[in-house]
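Worksheet: the structure to be examined is printed underneath.
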Amino acid sequence: DVADKMAEIFKSVYSLGDQQRSAIYSAVLNGLKSHGEGMSFVQMVEELESIGTSYAKSVISKIQAFTDYNLFTGDEAFNWADIRDSEGTVYIIQMAGYGREIQVLLTEILLWDIWSFCVKNGDETKPFVLVLDEAQNLSHGEKSPSAKILTEGRKFGISGWYATQFMKPQLSDDEIQRLQQAGQKLYFCPPDDGIMTVAKNIDITPAGAR
C-alpha cells in the first residue's frame with residue numbers, strides 16, 4: 001500500500017510513465033522489506049540504482065533535486081495528534097523556499113500521512129482542520145489523498161478547507177467535480193472569464209445550466 005501510494009505521488013508530480021512508476025513501486029517495496037520503517041528516500045534511490053533499468057535511471061535523474069535535500073528525519077518522535085489536540089494553536093507548514101515540484105511532492109506525502117493518521121485515530125468530535133492554499137497545484141485525481149479527504153474525510157474527522165484562485169484550465173472536469181463535493185463553497189470576485197463557470201456551479205438547475 002505504501003509503495004503504491006509513493007509511486008502514484010511521484011508519477012503525478014513528475015508526469016512519469018507507467019514503467020517509471022513501476023520502478024518506483026519496486027524500489028519502495030524492496031526498501032521496506034530491507035529497512036522496514038527506517039527506510040529513507042536515499043535508500044529508495046539506492047534501490048532504484050540496484051534495479052538498473054533505463055526507466056529506473058531516468059527516475060533518479062528526475063527526482064535528484066528532491067532526494068538531495070534529504071528533508072525527512074527518522075530519529076524524532078512525531079504524532080499528528082499533538083497538532084490536532086493543540087487547543088487552537090495554528091501550525092503553518094511553509095514551503096516557499098522550495099521549487100514547485102518539491103512543494104507539491106511534500107504536500108502530497110504529508111496529506112497521505114495525515115489521512116492514514118485520521119483513518120486510524122479520527123474523531124468527529126475533535127476534527128483535524130486542514131487548510132490548503134493554492135489548491136489548484138495539487139492532484140485531486142481519483143487516487144490522490146485530496147480525493148479521499150473530499151469524498152470520505154468527514155467520517156474520519158478531517159475538515160478540509162481548500163483555497164484556489166483558479167479552476168480551469170488548471171484542473172480537469174473530474175477534479176473540479178470532486179472539489180464541488182465540499183459542504184460549503186465561497187466565491188470571491190471571480191475573474192470576468194470565470195463568471196459563467198461560477199454561475200453554473202452555484203445554479204445547477206437545468207435553467208441555470210443554460
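Lettering and numbering for the C-alpha cells are positional, with chains as A, B, ... in the shown order, residues counted from 1 in each chain, and ligands counted from 1 in the shown order.
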Residues of region 84-159 of chain A in strand (DSSP E or B), written as a list in words:
Phe128, Val129, Leu130, Val131, Leu132, Ile158 and Ser159 of chain A
Any idea what's packed within 12 Å of Leu138 (chain A), counting only C-alpha atoms, ignoring anything in its chain fewer than 6 positions away? Could you give it as a ChimeraX atom specification?
/A:9,12-13,100-109,111,132,144-147,162-164,166-167,170-172,175-176,179
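For the pair CA of Ser15 (chain A) and CA of Gly141 (chain A), the interatomic distance is 13.3 Å.
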Could you check the closest approach to Asp1 (chain A) for each of A:Gln19, A:Ser26, A:Thr125, A:Ser86 and tell me which residue wins, using only C-alpha atoms?
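Ranked by minimum distance to Asp1 (chain A), first place goes to A:Ser26.
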How many Å separate CA of Val28 (chain A) from CA of Phe117 (chain A)?
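These atoms are spaced 20.4 Å apart.
Atom pair CA of Gly153 (chain A) / CA of Phe128 (chain A) has a distance of 9.6 Å (rounded to one decimal).
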Find the residues near region 187-192 of chain A: any atom within 12 Å, counting only C-alpha atoms, skip ones fewer than 2 places away on the same chain, and give them as a ChimeraX atom specification.
/A:162-168,184-185,194-199,201-202
Residues as selected, C-alpha atoms, written as a compact mmCIF listing (two decimals), in the first residue's frame, can you do that?
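Result went into result.txt, see below:
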# COMPACT_ATOMS: atom_id res chain seq x y z
CA TYR A 162 -9.39 24.46 0.07
CA ALA A 163 -8.43 27.88 -1.31
CA THR A 164 -7.72 28.40 -5.00
CA GLN A 165 -7.61 31.31 -7.44
CA PHE A 166 -8.16 29.13 -10.49
CA MET A 167 -10.31 26.19 -11.57
CA LYS A 168 -9.93 25.90 -15.33
CA GLN A 184 -19.65 24.90 1.77
CA LYS A 185 -18.34 26.96 -1.16
CA GLY A 194 -14.74 32.72 -14.93
CA ILE A 195 -18.11 34.25 -14.08
CA MET A 196 -20.08 31.83 -16.27
CA THR A 197 -18.35 28.81 -14.74
CA VAL A 198 -19.02 30.07 -11.20
CA ALA A 199 -22.66 30.81 -12.08
CA ASN A 201 -21.55 25.89 -10.14
CA ILE A 202 -23.96 27.93 -8.00
Quick one: residues within 12 Å of Glu47 (chain A), only C-alpha atoms counted, chain neighbours fewer than 6 positions away excluded, as a short mmCIF file (atom, residue, chain, number, x, y, z; two decimals) with all heavy atoms, in the first residue's frame?
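The result, written out as part-v1.cif:
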data_model
loop_
_atom_site.label_atom_id
_atom_site.label_comp_id
_atom_site.auth_asym_id
_atom_site.auth_seq_id
_atom_site.Cartn_x
_atom_site.Cartn_y
_atom_site.Cartn_z
N ALA A 23 9.03 1.21 -11.59
CA ALA A 23 10.36 1.18 -10.98
C ALA A 23 10.32 1.74 -9.56
O ALA A 23 10.95 1.19 -8.64
CB ALA A 23 11.34 1.98 -11.84
N ILE A 24 9.59 2.83 -9.36
CA ILE A 24 9.47 3.41 -8.01
C ILE A 24 8.74 2.45 -7.08
O ILE A 24 9.14 2.26 -5.93
CB ILE A 24 8.74 4.77 -8.07
CG1 ILE A 24 9.61 5.81 -8.77
CG2 ILE A 24 8.38 5.25 -6.67
CD1 ILE A 24 8.96 7.16 -8.92
N TYR A 25 7.67 1.85 -7.58
CA TYR A 25 6.92 0.89 -6.77
C TYR A 25 7.84 -0.23 -6.28
O TYR A 25 7.85 -0.59 -5.10
CB TYR A 25 5.76 0.32 -7.58
CG TYR A 25 5.00 -0.78 -6.88
CD1 TYR A 25 3.97 -0.49 -5.98
CD2 TYR A 25 5.31 -2.13 -7.09
CE1 TYR A 25 3.29 -1.50 -5.33
CE2 TYR A 25 4.64 -3.14 -6.43
CZ TYR A 25 3.62 -2.82 -5.56
OH TYR A 25 2.95 -3.83 -4.90
N SER A 26 8.62 -0.80 -7.20
CA SER A 26 9.52 -1.90 -6.85
C SER A 26 10.59 -1.44 -5.87
O SER A 26 10.93 -2.15 -4.92
CB SER A 26 10.17 -2.48 -8.11
OG SER A 26 9.20 -3.02 -8.98
N ALA A 27 11.14 -0.23 -6.10
CA ALA A 27 12.20 0.29 -5.23
C ALA A 27 11.69 0.49 -3.82
O ALA A 27 12.36 0.14 -2.84
CB ALA A 27 12.75 1.59 -5.81
N VAL A 28 10.50 1.09 -3.68
CA VAL A 28 9.94 1.33 -2.34
C VAL A 28 9.61 0.01 -1.66
O VAL A 28 9.90 -0.19 -0.47
CB VAL A 28 8.69 2.23 -2.43
CG1 VAL A 28 8.03 2.36 -1.05
CG2 VAL A 28 9.05 3.60 -2.97
N LEU A 29 9.01 -0.92 -2.41
CA LEU A 29 8.65 -2.21 -1.83
C LEU A 29 9.89 -2.97 -1.35
O LEU A 29 9.92 -3.50 -0.23
CB LEU A 29 7.88 -3.04 -2.86
CG LEU A 29 7.20 -4.31 -2.35
CD1 LEU A 29 6.15 -3.98 -1.30
CD2 LEU A 29 6.57 -5.08 -3.50
N ASN A 30 10.94 -2.99 -2.19
CA ASN A 30 12.18 -3.67 -1.80
C ASN A 30 12.83 -2.98 -0.61
O ASN A 30 13.36 -3.64 0.29
CB ASN A 30 13.16 -3.69 -2.98
CG ASN A 30 12.66 -4.55 -4.14
OD1 ASN A 30 11.82 -5.42 -3.95
ND2 ASN A 30 13.17 -4.30 -5.34
N GLY A 31 12.78 -1.65 -0.59
CA GLY A 31 13.36 -0.92 0.52
C GLY A 31 12.65 -1.17 1.83
O GLY A 31 13.28 -1.30 2.88
N LEU A 32 11.34 -1.26 1.79
CA LEU A 32 10.57 -1.53 3.00
C LEU A 32 10.85 -2.93 3.53
O LEU A 32 10.91 -3.15 4.74
CB LEU A 32 9.08 -1.36 2.73
CG LEU A 32 8.60 0.08 2.52
CD1 LEU A 32 7.16 0.11 2.02
CD2 LEU A 32 8.72 0.89 3.81
N LYS A 33 11.03 -3.87 2.61
CA LYS A 33 11.36 -5.23 3.04
C LYS A 33 12.72 -5.28 3.70
O LYS A 33 12.94 -6.05 4.65
CB LYS A 33 11.33 -6.17 1.83
CG LYS A 33 9.93 -6.44 1.29
CD LYS A 33 9.98 -7.34 0.06
CE LYS A 33 8.57 -7.61 -0.49
NZ LYS A 33 8.61 -8.44 -1.73
N SER A 34 13.66 -4.47 3.21
CA SER A 34 15.03 -4.48 3.75
C SER A 34 15.19 -3.63 5.00
O SER A 34 15.91 -4.01 5.93
CB SER A 34 16.01 -3.99 2.68
OG SER A 34 15.96 -4.80 1.52
N HIS A 35 14.53 -2.46 5.02
CA HIS A 35 14.78 -1.50 6.10
C HIS A 35 13.58 -1.24 7.00
O HIS A 35 13.73 -0.55 8.01
CB HIS A 35 15.23 -0.16 5.49
CG HIS A 35 16.41 -0.30 4.57
ND1 HIS A 35 17.69 -0.52 5.02
CD2 HIS A 35 16.49 -0.25 3.20
CE1 HIS A 35 18.52 -0.59 3.99
NE2 HIS A 35 17.82 -0.43 2.87
N MET A 39 13.27 3.04 6.50
CA MET A 39 13.62 3.36 5.12
C MET A 39 13.54 4.86 4.86
O MET A 39 12.66 5.55 5.37
CB MET A 39 12.69 2.62 4.16
CG MET A 39 13.03 2.87 2.70
SD MET A 39 11.78 2.25 1.58
CE MET A 39 12.38 2.92 0.03
N SER A 40 14.47 5.35 4.03
CA SER A 40 14.51 6.77 3.66
C SER A 40 14.48 6.90 2.14
O SER A 40 14.60 5.92 1.41
CB SER A 40 15.78 7.43 4.21
OG SER A 40 16.92 6.91 3.53
N PHE A 41 14.35 8.15 1.68
CA PHE A 41 14.37 8.38 0.23
C PHE A 41 15.76 8.14 -0.35
O PHE A 41 15.89 7.78 -1.52
CB PHE A 41 13.88 9.79 -0.09
CG PHE A 41 12.40 9.95 0.06
CD1 PHE A 41 11.86 10.65 1.12
CD2 PHE A 41 11.54 9.38 -0.85
CE1 PHE A 41 10.49 10.79 1.26
CE2 PHE A 41 10.16 9.51 -0.72
CZ PHE A 41 9.64 10.21 0.34
N THR A 53 17.58 -0.50 -14.58
CA THR A 53 17.00 -0.34 -15.91
C THR A 53 17.07 1.12 -16.33
O THR A 53 17.29 2.02 -15.51
CB THR A 53 15.53 -0.80 -15.94
OG1 THR A 53 14.76 0.07 -15.08
CG2 THR A 53 15.40 -2.24 -15.47
N ALA A 56 14.54 3.11 -14.41
CA ALA A 56 14.95 3.45 -13.05
C ALA A 56 15.95 4.59 -13.05
O ALA A 56 15.88 5.51 -12.21
CB ALA A 56 15.54 2.22 -12.37
N LYS A 57 16.88 4.58 -14.00
CA LYS A 57 17.88 5.65 -14.08
C LYS A 57 17.23 6.99 -14.43
O LYS A 57 17.64 8.03 -13.92
CB LYS A 57 18.94 5.29 -15.12
CG LYS A 57 19.82 4.10 -14.70
CD LYS A 57 20.80 3.73 -15.80
CE LYS A 57 21.65 2.51 -15.39
NZ LYS A 57 22.56 2.09 -16.49
N VAL A 59 14.24 7.90 -13.61
CA VAL A 59 13.56 8.37 -12.40
C VAL A 59 14.55 9.06 -11.47
O VAL A 59 14.26 10.14 -10.93
CB VAL A 59 12.88 7.19 -11.67
CG1 VAL A 59 12.39 7.63 -10.29
CG2 VAL A 59 11.72 6.66 -12.48
N ILE A 60 15.72 8.46 -11.30
CA ILE A 60 16.74 9.05 -10.42
C ILE A 60 17.09 10.45 -10.87
O ILE A 60 17.21 11.38 -10.07
CB ILE A 60 17.99 8.15 -10.39
CG1 ILE A 60 17.67 6.81 -9.72
CG2 ILE A 60 19.13 8.86 -9.63
CD1 ILE A 60 18.80 5.80 -9.79
#
Among the residues A:Ile149, A:Leu71, A:Ala65, A:Met44, the one that comes closest to Met95 (chain A) [using only C-alpha atoms]
A:Leu71
Residues of region 1-207 of chain A in helix (DSSP H, G or I), written as an MDAnalysis selection string:
chainID A and resid 2:14 18:38 41:51 54:69 80:84 100:121 135:137 145:156 173:179 192:202 206:207
A:Asp68, A:Glu8, A:Glu37, A:Asp174 ranked by distance to Ser22 (chain A), top pick (using only C-alpha atoms):
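Under the stated criterion, the closest residue is A:Glu8.
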